[in-house]
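Structure data follow from coords_32.txt (compact mmCIF, N, CA and C atoms and all ligand atoms):
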```txt
# COMPACT_ATOMS: atom_id res chain seq x y z
N MET D 1 -50.88 18.34 88.86
CA MET D 1 -50.45 19.45 88.02
C MET D 1 -50.67 20.77 88.73
N ALA D 2 -51.73 20.89 89.54
CA ALA D 2 -52.00 22.14 90.25
C ALA D 2 -50.84 22.49 91.18
N ALA D 3 -50.34 21.49 91.89
CA ALA D 3 -49.22 21.74 92.79
C ALA D 3 -48.00 22.19 92.01
N SER D 4 -47.80 21.60 90.85
CA SER D 4 -46.68 21.99 90.01
C SER D 4 -46.82 23.42 89.54
N LEU D 5 -48.04 23.81 89.17
CA LEU D 5 -48.29 25.19 88.74
C LEU D 5 -48.00 26.17 89.86
N LEU D 6 -48.47 25.84 91.08
CA LEU D 6 -48.23 26.73 92.21
C LEU D 6 -46.75 26.83 92.50
N HIS D 7 -46.06 25.71 92.46
CA HIS D 7 -44.62 25.71 92.70
C HIS D 7 -43.92 26.63 91.72
N CYS D 8 -44.27 26.49 90.45
CA CYS D 8 -43.64 27.31 89.42
C CYS D 8 -44.03 28.77 89.57
N ALA D 9 -45.30 29.04 89.84
CA ALA D 9 -45.78 30.41 89.92
C ALA D 9 -45.11 31.17 91.06
N ARG D 10 -44.83 30.45 92.17
CA ARG D 10 -44.18 31.11 93.29
C ARG D 10 -42.78 31.59 92.93
N ARG D 11 -42.18 30.94 91.97
CA ARG D 11 -40.81 31.26 91.60
C ARG D 11 -40.74 32.37 90.56
N ALA D 12 -41.86 32.87 90.09
CA ALA D 12 -41.84 33.83 89.00
C ALA D 12 -42.46 35.16 89.39
N SER D 13 -42.00 36.22 88.77
CA SER D 13 -42.64 37.50 88.95
C SER D 13 -43.89 37.52 88.08
N VAL D 14 -44.71 38.52 88.28
CA VAL D 14 -45.97 38.60 87.54
C VAL D 14 -45.72 38.63 86.04
N SER D 15 -44.68 39.29 85.62
CA SER D 15 -44.41 39.39 84.19
C SER D 15 -44.03 38.05 83.57
N LYS D 16 -43.69 37.08 84.39
CA LYS D 16 -43.26 35.79 83.87
C LYS D 16 -44.36 34.73 83.94
N ILE D 17 -45.52 35.10 84.46
CA ILE D 17 -46.57 34.11 84.69
C ILE D 17 -46.94 33.39 83.40
N ARG D 18 -47.06 34.12 82.30
CA ARG D 18 -47.43 33.47 81.05
C ARG D 18 -46.41 32.41 80.66
N TYR D 19 -45.14 32.74 80.81
CA TYR D 19 -44.07 31.79 80.47
C TYR D 19 -44.14 30.57 81.38
N VAL D 20 -44.30 30.82 82.68
CA VAL D 20 -44.35 29.71 83.64
C VAL D 20 -45.56 28.84 83.37
N PHE D 21 -46.71 29.46 83.09
CA PHE D 21 -47.91 28.66 82.82
C PHE D 21 -47.68 27.76 81.62
N ARG D 22 -47.09 28.32 80.58
CA ARG D 22 -46.85 27.53 79.37
C ARG D 22 -45.95 26.34 79.67
N VAL D 23 -44.87 26.60 80.39
CA VAL D 23 -43.93 25.53 80.71
C VAL D 23 -44.58 24.49 81.60
N CYS D 24 -45.30 24.93 82.64
CA CYS D 24 -45.92 23.99 83.57
C CYS D 24 -47.06 23.23 82.92
N PHE D 25 -47.90 23.91 82.17
CA PHE D 25 -49.04 23.26 81.54
C PHE D 25 -48.58 22.17 80.60
N PHE D 26 -47.62 22.49 79.78
CA PHE D 26 -47.17 21.52 78.79
C PHE D 26 -46.22 20.50 79.39
N SER D 27 -45.91 20.63 80.68
CA SER D 27 -45.04 19.66 81.32
C SER D 27 -45.80 18.43 81.79
N SER D 28 -47.11 18.49 81.73
CA SER D 28 -47.87 17.33 82.20
C SER D 28 -47.68 16.15 81.24
N ASP D 29 -48.08 14.97 81.69
CA ASP D 29 -47.91 13.78 80.87
C ASP D 29 -48.73 13.84 79.59
N THR D 30 -49.85 14.57 79.65
CA THR D 30 -50.71 14.64 78.46
C THR D 30 -50.17 15.60 77.42
N HIS D 31 -49.34 16.53 77.82
CA HIS D 31 -48.77 17.50 76.89
C HIS D 31 -47.27 17.61 77.10
N PRO D 32 -46.54 16.54 76.83
CA PRO D 32 -45.10 16.63 77.07
C PRO D 32 -44.45 17.65 76.15
N ILE D 33 -43.55 18.39 76.70
CA ILE D 33 -42.81 19.35 75.88
C ILE D 33 -41.37 18.89 75.81
N PRO D 34 -40.70 19.27 74.76
CA PRO D 34 -39.30 18.90 74.67
C PRO D 34 -38.48 19.70 75.67
N GLU D 35 -37.39 19.11 76.11
CA GLU D 35 -36.45 19.83 76.97
C GLU D 35 -35.75 20.87 76.11
N PRO D 36 -35.62 22.10 76.59
CA PRO D 36 -34.90 23.08 75.78
C PRO D 36 -33.46 22.64 75.55
N LYS D 37 -32.96 22.92 74.37
CA LYS D 37 -31.57 22.61 74.05
C LYS D 37 -30.68 23.65 74.74
N ILE D 38 -29.54 23.20 75.23
CA ILE D 38 -28.58 24.14 75.80
C ILE D 38 -27.85 24.79 74.63
N ALA D 39 -28.26 25.98 74.30
CA ALA D 39 -27.68 26.67 73.14
C ALA D 39 -26.25 27.12 73.42
N ALA D 40 -26.01 27.52 74.65
CA ALA D 40 -24.69 27.98 75.05
C ALA D 40 -24.53 27.75 76.54
N LYS D 41 -23.30 27.59 76.97
CA LYS D 41 -23.04 27.37 78.39
C LYS D 41 -22.70 28.67 79.09
N HIS D 42 -23.15 29.75 78.50
CA HIS D 42 -22.87 31.10 79.03
C HIS D 42 -24.01 32.02 78.61
N PRO D 43 -24.15 33.16 79.28
CA PRO D 43 -25.16 34.14 78.86
C PRO D 43 -24.63 35.00 77.71
N PHE D 44 -25.53 35.71 77.07
CA PHE D 44 -25.17 36.62 76.00
C PHE D 44 -25.34 38.05 76.50
N LYS D 45 -24.28 38.85 76.38
CA LYS D 45 -24.35 40.27 76.75
C LYS D 45 -24.85 41.03 75.54
N VAL D 46 -25.99 41.69 75.67
CA VAL D 46 -26.58 42.40 74.54
C VAL D 46 -27.02 43.79 74.95
N ASP D 47 -26.89 44.72 74.01
CA ASP D 47 -27.37 46.09 74.21
C ASP D 47 -28.77 46.16 73.62
N LEU D 48 -29.75 46.47 74.45
CA LEU D 48 -31.14 46.50 74.00
C LEU D 48 -31.67 47.93 74.01
N GLU D 49 -32.62 48.16 73.12
CA GLU D 49 -33.22 49.48 72.97
C GLU D 49 -34.49 49.60 73.81
N ALA D 50 -34.82 50.80 74.19
CA ALA D 50 -36.06 51.05 74.91
C ALA D 50 -37.24 50.94 73.94
N GLY D 51 -38.31 50.33 74.40
CA GLY D 51 -39.55 50.26 73.64
C GLY D 51 -39.59 49.24 72.52
N LYS D 52 -38.50 48.61 72.21
CA LYS D 52 -38.48 47.60 71.15
C LYS D 52 -38.91 46.25 71.72
N ARG D 53 -39.68 45.52 70.95
CA ARG D 53 -40.16 44.21 71.40
C ARG D 53 -39.14 43.15 71.00
N TYR D 54 -38.67 42.40 71.99
CA TYR D 54 -37.69 41.34 71.74
C TYR D 54 -38.31 39.98 72.02
N SER D 55 -37.80 38.96 71.35
CA SER D 55 -38.24 37.59 71.58
C SER D 55 -37.03 36.74 71.92
N TRP D 56 -36.95 36.35 73.18
CA TRP D 56 -35.84 35.53 73.66
C TRP D 56 -36.14 34.06 73.34
N CYS D 57 -35.18 33.39 72.72
CA CYS D 57 -35.33 31.97 72.36
C CYS D 57 -35.38 31.13 73.64
N ALA D 58 -36.47 30.40 73.82
CA ALA D 58 -36.62 29.53 74.98
C ALA D 58 -36.33 28.07 74.65
N CYS D 59 -36.29 27.74 73.36
CA CYS D 59 -36.11 26.33 72.98
C CYS D 59 -34.64 25.96 72.78
N GLY D 60 -33.81 26.95 72.51
CA GLY D 60 -32.38 26.71 72.32
C GLY D 60 -31.98 26.33 70.90
N HIS D 61 -32.92 26.23 70.00
CA HIS D 61 -32.61 25.80 68.64
C HIS D 61 -32.37 26.95 67.67
N SER D 62 -32.68 28.16 68.07
CA SER D 62 -32.52 29.30 67.16
C SER D 62 -31.06 29.46 66.73
N MET D 63 -30.88 29.86 65.50
CA MET D 63 -29.54 30.15 64.99
C MET D 63 -29.19 31.62 65.20
N LYS D 64 -30.09 32.37 65.82
CA LYS D 64 -29.86 33.80 66.09
C LYS D 64 -29.80 34.04 67.59
N GLN D 65 -29.16 33.15 68.34
CA GLN D 65 -29.09 33.27 69.81
C GLN D 65 -28.62 34.66 70.23
N PRO D 66 -29.21 35.17 71.30
CA PRO D 66 -30.21 34.57 72.18
C PRO D 66 -31.64 34.84 71.74
N PHE D 67 -31.82 35.28 70.52
CA PHE D 67 -33.16 35.64 70.07
C PHE D 67 -33.80 34.54 69.23
N CYS D 68 -35.12 34.59 69.16
CA CYS D 68 -35.91 33.60 68.43
C CYS D 68 -35.79 33.83 66.92
N ASP D 69 -35.71 32.72 66.18
CA ASP D 69 -35.77 32.80 64.72
C ASP D 69 -36.92 31.95 64.18
N GLY D 70 -37.79 31.49 65.06
CA GLY D 70 -38.96 30.71 64.65
C GLY D 70 -38.73 29.22 64.59
N THR D 71 -37.53 28.77 64.86
CA THR D 71 -37.21 27.35 64.77
C THR D 71 -38.03 26.49 65.73
N HIS D 72 -38.47 27.06 66.85
CA HIS D 72 -39.24 26.29 67.85
C HIS D 72 -40.48 25.65 67.24
N LYS D 73 -41.02 26.25 66.19
CA LYS D 73 -42.26 25.71 65.60
C LYS D 73 -42.05 24.30 65.06
N LYS D 74 -40.86 24.01 64.56
CA LYS D 74 -40.58 22.66 64.03
C LYS D 74 -39.75 21.83 65.00
N GLN D 75 -38.79 22.46 65.66
CA GLN D 75 -37.85 21.72 66.51
C GLN D 75 -38.36 21.47 67.92
N ALA D 76 -39.24 22.35 68.42
CA ALA D 76 -39.67 22.23 69.81
C ALA D 76 -41.11 22.72 69.98
N PRO D 77 -42.06 22.04 69.33
CA PRO D 77 -43.45 22.44 69.52
C PRO D 77 -43.82 22.33 71.00
N GLY D 78 -44.52 23.33 71.52
CA GLY D 78 -44.83 23.35 72.95
C GLY D 78 -43.99 24.38 73.67
N LEU D 79 -42.88 24.76 73.08
CA LEU D 79 -42.06 25.84 73.64
C LEU D 79 -42.21 27.04 72.72
N SER D 80 -42.23 28.20 73.31
CA SER D 80 -42.30 29.41 72.50
C SER D 80 -41.45 30.48 73.16
N PRO D 81 -41.07 31.50 72.41
CA PRO D 81 -40.15 32.50 72.95
C PRO D 81 -40.80 33.36 74.04
N VAL D 82 -39.96 33.98 74.82
CA VAL D 82 -40.42 34.94 75.83
C VAL D 82 -40.29 36.31 75.21
N ARG D 83 -41.40 36.99 75.07
CA ARG D 83 -41.39 38.33 74.49
C ARG D 83 -41.32 39.36 75.60
N PHE D 84 -40.49 40.36 75.39
CA PHE D 84 -40.32 41.38 76.43
C PHE D 84 -39.90 42.70 75.81
N THR D 85 -40.13 43.76 76.57
CA THR D 85 -39.79 45.12 76.16
C THR D 85 -39.18 45.82 77.37
N LEU D 86 -38.19 46.65 77.12
CA LEU D 86 -37.58 47.42 78.21
C LEU D 86 -38.06 48.86 78.16
N ASP D 87 -38.18 49.47 79.34
CA ASP D 87 -38.59 50.87 79.43
C ASP D 87 -37.44 51.80 79.08
N GLU D 88 -36.23 51.33 79.30
CA GLU D 88 -35.06 52.15 78.99
C GLU D 88 -33.99 51.29 78.33
N ALA D 89 -33.19 51.92 77.49
CA ALA D 89 -32.10 51.19 76.84
C ALA D 89 -31.10 50.74 77.90
N LYS D 90 -30.63 49.51 77.77
CA LYS D 90 -29.61 49.04 78.70
C LYS D 90 -28.93 47.78 78.18
N THR D 91 -27.81 47.49 78.80
CA THR D 91 -27.08 46.27 78.50
C THR D 91 -27.51 45.21 79.49
N VAL D 92 -27.88 44.04 78.96
CA VAL D 92 -28.36 42.96 79.83
C VAL D 92 -27.65 41.65 79.45
N TRP D 93 -27.74 40.69 80.34
CA TRP D 93 -27.20 39.35 80.09
C TRP D 93 -28.38 38.41 79.91
N LEU D 94 -28.57 37.95 78.67
CA LEU D 94 -29.67 37.04 78.38
C LEU D 94 -29.18 35.60 78.46
N CYS D 95 -30.00 34.75 79.03
CA CYS D 95 -29.64 33.35 79.24
C CYS D 95 -29.37 32.63 77.92
N GLY D 96 -28.31 31.86 77.88
CA GLY D 96 -27.98 31.05 76.71
C GLY D 96 -28.18 29.57 76.97
N CYS D 97 -28.23 29.18 78.24
CA CYS D 97 -28.37 27.75 78.56
C CYS D 97 -29.82 27.30 78.58
N LYS D 98 -30.73 28.25 78.63
CA LYS D 98 -32.18 27.99 78.63
C LYS D 98 -32.65 27.24 79.88
N ARG D 99 -31.90 27.40 80.97
CA ARG D 99 -32.28 26.77 82.24
C ARG D 99 -32.53 27.81 83.33
N THR D 100 -32.47 29.09 82.99
CA THR D 100 -32.69 30.13 83.98
C THR D 100 -34.09 30.05 84.59
N GLN D 101 -34.22 30.48 85.82
CA GLN D 101 -35.53 30.59 86.47
C GLN D 101 -36.01 32.03 86.41
N ASN D 102 -35.29 32.87 85.68
CA ASN D 102 -35.63 34.29 85.57
C ASN D 102 -35.60 34.72 84.10
N ALA D 103 -36.24 33.94 83.24
CA ALA D 103 -36.22 34.22 81.81
C ALA D 103 -36.73 35.64 81.52
N PRO D 104 -36.08 36.31 80.60
CA PRO D 104 -35.02 35.87 79.70
C PRO D 104 -33.61 36.10 80.26
N TYR D 105 -33.52 36.50 81.49
CA TYR D 105 -32.22 36.91 82.03
C TYR D 105 -31.45 35.75 82.67
N CYS D 106 -30.16 35.83 82.60
CA CYS D 106 -29.29 34.86 83.24
C CYS D 106 -29.44 34.95 84.75
N ASP D 107 -29.54 33.81 85.40
CA ASP D 107 -29.58 33.78 86.86
C ASP D 107 -28.42 32.96 87.44
N GLY D 108 -27.47 32.62 86.59
CA GLY D 108 -26.30 31.89 87.06
C GLY D 108 -26.41 30.38 86.95
N THR D 109 -27.56 29.88 86.53
CA THR D 109 -27.75 28.43 86.43
C THR D 109 -26.75 27.79 85.48
N HIS D 110 -26.25 28.55 84.52
CA HIS D 110 -25.31 27.98 83.54
C HIS D 110 -24.03 27.47 84.20
N LYS D 111 -23.76 27.90 85.41
CA LYS D 111 -22.56 27.46 86.12
C LYS D 111 -22.72 26.06 86.71
N SER D 112 -23.94 25.53 86.69
CA SER D 112 -24.20 24.22 87.30
C SER D 112 -23.54 23.10 86.49
N ASP D 113 -23.30 21.98 87.15
CA ASP D 113 -22.73 20.80 86.48
C ASP D 113 -23.65 20.31 85.37
N LEU D 114 -24.96 20.41 85.61
CA LEU D 114 -25.93 19.97 84.61
C LEU D 114 -25.66 20.65 83.27
N VAL D 115 -25.39 21.93 83.31
CA VAL D 115 -25.16 22.69 82.07
C VAL D 115 -23.73 22.50 81.59
N GLN D 116 -22.78 22.68 82.47
CA GLN D 116 -21.37 22.65 82.05
C GLN D 116 -20.90 21.28 81.57
N SER D 117 -21.54 20.21 82.05
CA SER D 117 -21.12 18.87 81.61
C SER D 117 -21.90 18.39 80.40
N ASN D 118 -22.83 19.21 79.91
CA ASN D 118 -23.64 18.82 78.76
C ASN D 118 -22.80 18.83 77.50
N GLU D 119 -23.07 17.86 76.63
CA GLU D 119 -22.29 17.73 75.40
C GLU D 119 -22.71 18.71 74.32
N SER D 120 -23.94 19.18 74.38
CA SER D 120 -24.41 20.10 73.34
C SER D 120 -24.15 21.55 73.77
N GLY D 121 -24.33 22.43 72.85
CA GLY D 121 -24.21 23.85 73.16
C GLY D 121 -22.80 24.37 72.95
N LEU D 122 -22.72 25.65 72.80
CA LEU D 122 -21.43 26.31 72.63
C LEU D 122 -20.67 26.27 73.93
N PRO D 123 -19.37 26.21 73.89
CA PRO D 123 -18.58 26.17 75.12
C PRO D 123 -18.70 27.47 75.91
S1 LIG P 1 -26.82 31.38 80.69
FE1 LIG P 1 -28.59 30.38 81.43
S2 LIG P 1 -28.60 30.93 83.53
FE2 LIG P 1 -26.83 31.93 82.78
```

Represent the structure from my file as structure tokens, please.
Ligand code: FES
Amino acid sequence: MAASLLHCARRASVSKIRYVFRVCFFSSDTHPIPEPKIAAKHPFKVDLEAGKRYSWCACGHSMKQPFCDGTHKKQAPGLSPVRFTLDEAKTVWLCGCKRTQNAPYCDGTHKSDLVQSNESGLP
């Protein structure tokens, strides 16, 4: 598990360490976590405000994509949203496939066959 943690930590910025730790820790055999649902096969373009706290859905089950509606508590225990705040208002692309390595932002992973050939999620 330590090697897995290091592998994951190397791929994340400091602001993402908490998210990576949660995913890696619960990925062990003793704490299996559910695979996030592919909520959409595309990112969501959203206008965000400065200073407001947002919660990006990491489990894919929220009905308020790309934001959390609390569904993870019943549908995906072990996964929790990524909370973030912006210093300035801006338009961003938030991940809808829940496979990004740069949560909560889209990193292009949704273009992969793994995501595009999946039966679930919005087209
Ligand atoms: S929508 Fe998930 S990486 Fe683009």

Inset, instruction - Collect all residues with atoms no farther than 8 Å from ligand LIG 1 (chain P), counting all atoms listed in the file, and output them as a VMD selection string. - result: chain D and resid 40 to 44 93 to 102 104 to 112

Go ahead and save the residues from that selection, with N, CA and C atoms, as a compact mmCIF listing (two decimals), in the frame of the given file.
```
# COMPACT_ATOMS: atom_id res chain seq x y z
N ALA D 40 -26.01 27.52 74.65
CA ALA D 40 -24.69 27.98 75.05
C ALA D 40 -24.53 27.75 76.54
N LYS D 41 -23.30 27.59 76.97
CA LYS D 41 -23.04 27.37 78.39
C LYS D 41 -22.70 28.67 79.09
N HIS D 42 -23.15 29.75 78.50
CA HIS D 42 -22.87 31.10 79.03
C HIS D 42 -24.01 32.02 78.61
N PRO D 43 -24.15 33.16 79.28
CA PRO D 43 -25.16 34.14 78.86
C PRO D 43 -24.63 35.00 77.71
N PHE D 44 -25.53 35.71 77.07
CA PHE D 44 -25.17 36.62 76.00
C PHE D 44 -25.34 38.05 76.50
N TRP D 93 -27.74 40.69 80.34
CA TRP D 93 -27.20 39.35 80.09
C TRP D 93 -28.38 38.41 79.91
N LEU D 94 -28.57 37.95 78.67
CA LEU D 94 -29.67 37.04 78.38
C LEU D 94 -29.18 35.60 78.46
N CYS D 95 -30.00 34.75 79.03
CA CYS D 95 -29.64 33.35 79.24
C CYS D 95 -29.37 32.63 77.92
N GLY D 96 -28.31 31.86 77.88
CA GLY D 96 -27.98 31.05 76.71
C GLY D 96 -28.18 29.57 76.97
N CYS D 97 -28.23 29.18 78.24
CA CYS D 97 -28.37 27.75 78.56
C CYS D 97 -29.82 27.30 78.58
N LYS D 98 -30.73 28.25 78.63
CA LYS D 98 -32.18 27.99 78.63
C LYS D 98 -32.65 27.24 79.88
N ARG D 99 -31.90 27.40 80.97
CA ARG D 99 -32.28 26.77 82.24
C ARG D 99 -32.53 27.81 83.33
N THR D 100 -32.47 29.09 82.99
CA THR D 100 -32.69 30.13 83.98
C THR D 100 -34.09 30.05 84.59
N GLN D 101 -34.22 30.48 85.82
CA GLN D 101 -35.53 30.59 86.47
C GLN D 101 -36.01 32.03 86.41
N ASN D 102 -35.29 32.87 85.68
CA ASN D 102 -35.63 34.29 85.57
C ASN D 102 -35.60 34.72 84.10
N PRO D 104 -36.08 36.31 80.60
CA PRO D 104 -35.02 35.87 79.70
C PRO D 104 -33.61 36.10 80.26
N TYR D 105 -33.52 36.50 81.49
CA TYR D 105 -32.22 36.91 82.03
C TYR D 105 -31.45 35.75 82.67
N CYS D 106 -30.16 35.83 82.60
CA CYS D 106 -29.29 34.86 83.24
C CYS D 106 -29.44 34.95 84.75
N ASP D 107 -29.54 33.81 85.40
CA ASP D 107 -29.58 33.78 86.86
C ASP D 107 -28.42 32.96 87.44
N GLY D 108 -27.47 32.62 86.59
CA GLY D 108 -26.30 31.89 87.06
C GLY D 108 -26.41 30.38 86.95
N THR D 109 -27.56 29.88 86.53
CA THR D 109 -27.75 28.43 86.43
C THR D 109 -26.75 27.79 85.48
N HIS D 110 -26.25 28.55 84.52
CA HIS D 110 -25.31 27.98 83.54
C HIS D 110 -24.03 27.47 84.20
N LYS D 111 -23.76 27.90 85.41
CA LYS D 111 -22.56 27.46 86.12
C LYS D 111 -22.72 26.06 86.71
N SER D 112 -23.94 25.53 86.69
CA SER D 112 -24.20 24.22 87.30
C SER D 112 -23.54 23.10 86.49
```

Inset, instruction - Fewer than 5 positions away in the same chain doesn't count, so skip those; otherwise give me all residues within 6.5 Å of Gly78 (chain D), counting all atoms listed in the file, as a VMD selection string. - result: chain D and resid 33 to 34 72

Inset, instruction - Provide the CA of Glu119 (chain D) to CA of Lys45 (chain D) distance in Å, to one decimal place. - result: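 That distance, rounded to one decimal, is 22.7 Å.
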
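Nearest-residue note for Glu35 (chain D): choosing from D:Thr91, D:Ser117, D:Gln75, D:Ser62, the minimum distance belongs to D:Gln75, counting only C-alpha atoms.
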
Inset, instruction - If you run DSSP over the backbone, which residues in region 27-110 of chain D end up strand (DSSP E)? Put them as a VMD selection string. - result: chain D and resid 44 to 48 53 to 56 82 to 85 90 to 94

Inset, instruction - Would you mind reading off the distance between CA of Ala39 (chain D) and CA of Cys68 (chain D), one decimal, in Å? - result: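 Result for CA of Ala39 (chain D) versus CA of Cys68 (chain D): 11.7 Å, one decimal.
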
Legend entry - Computed interatomic separation between atom C of Leu48 (chain D) and CA of Phe84 (chain D) (Å):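 Distance between the two atoms: 11.1 Å.
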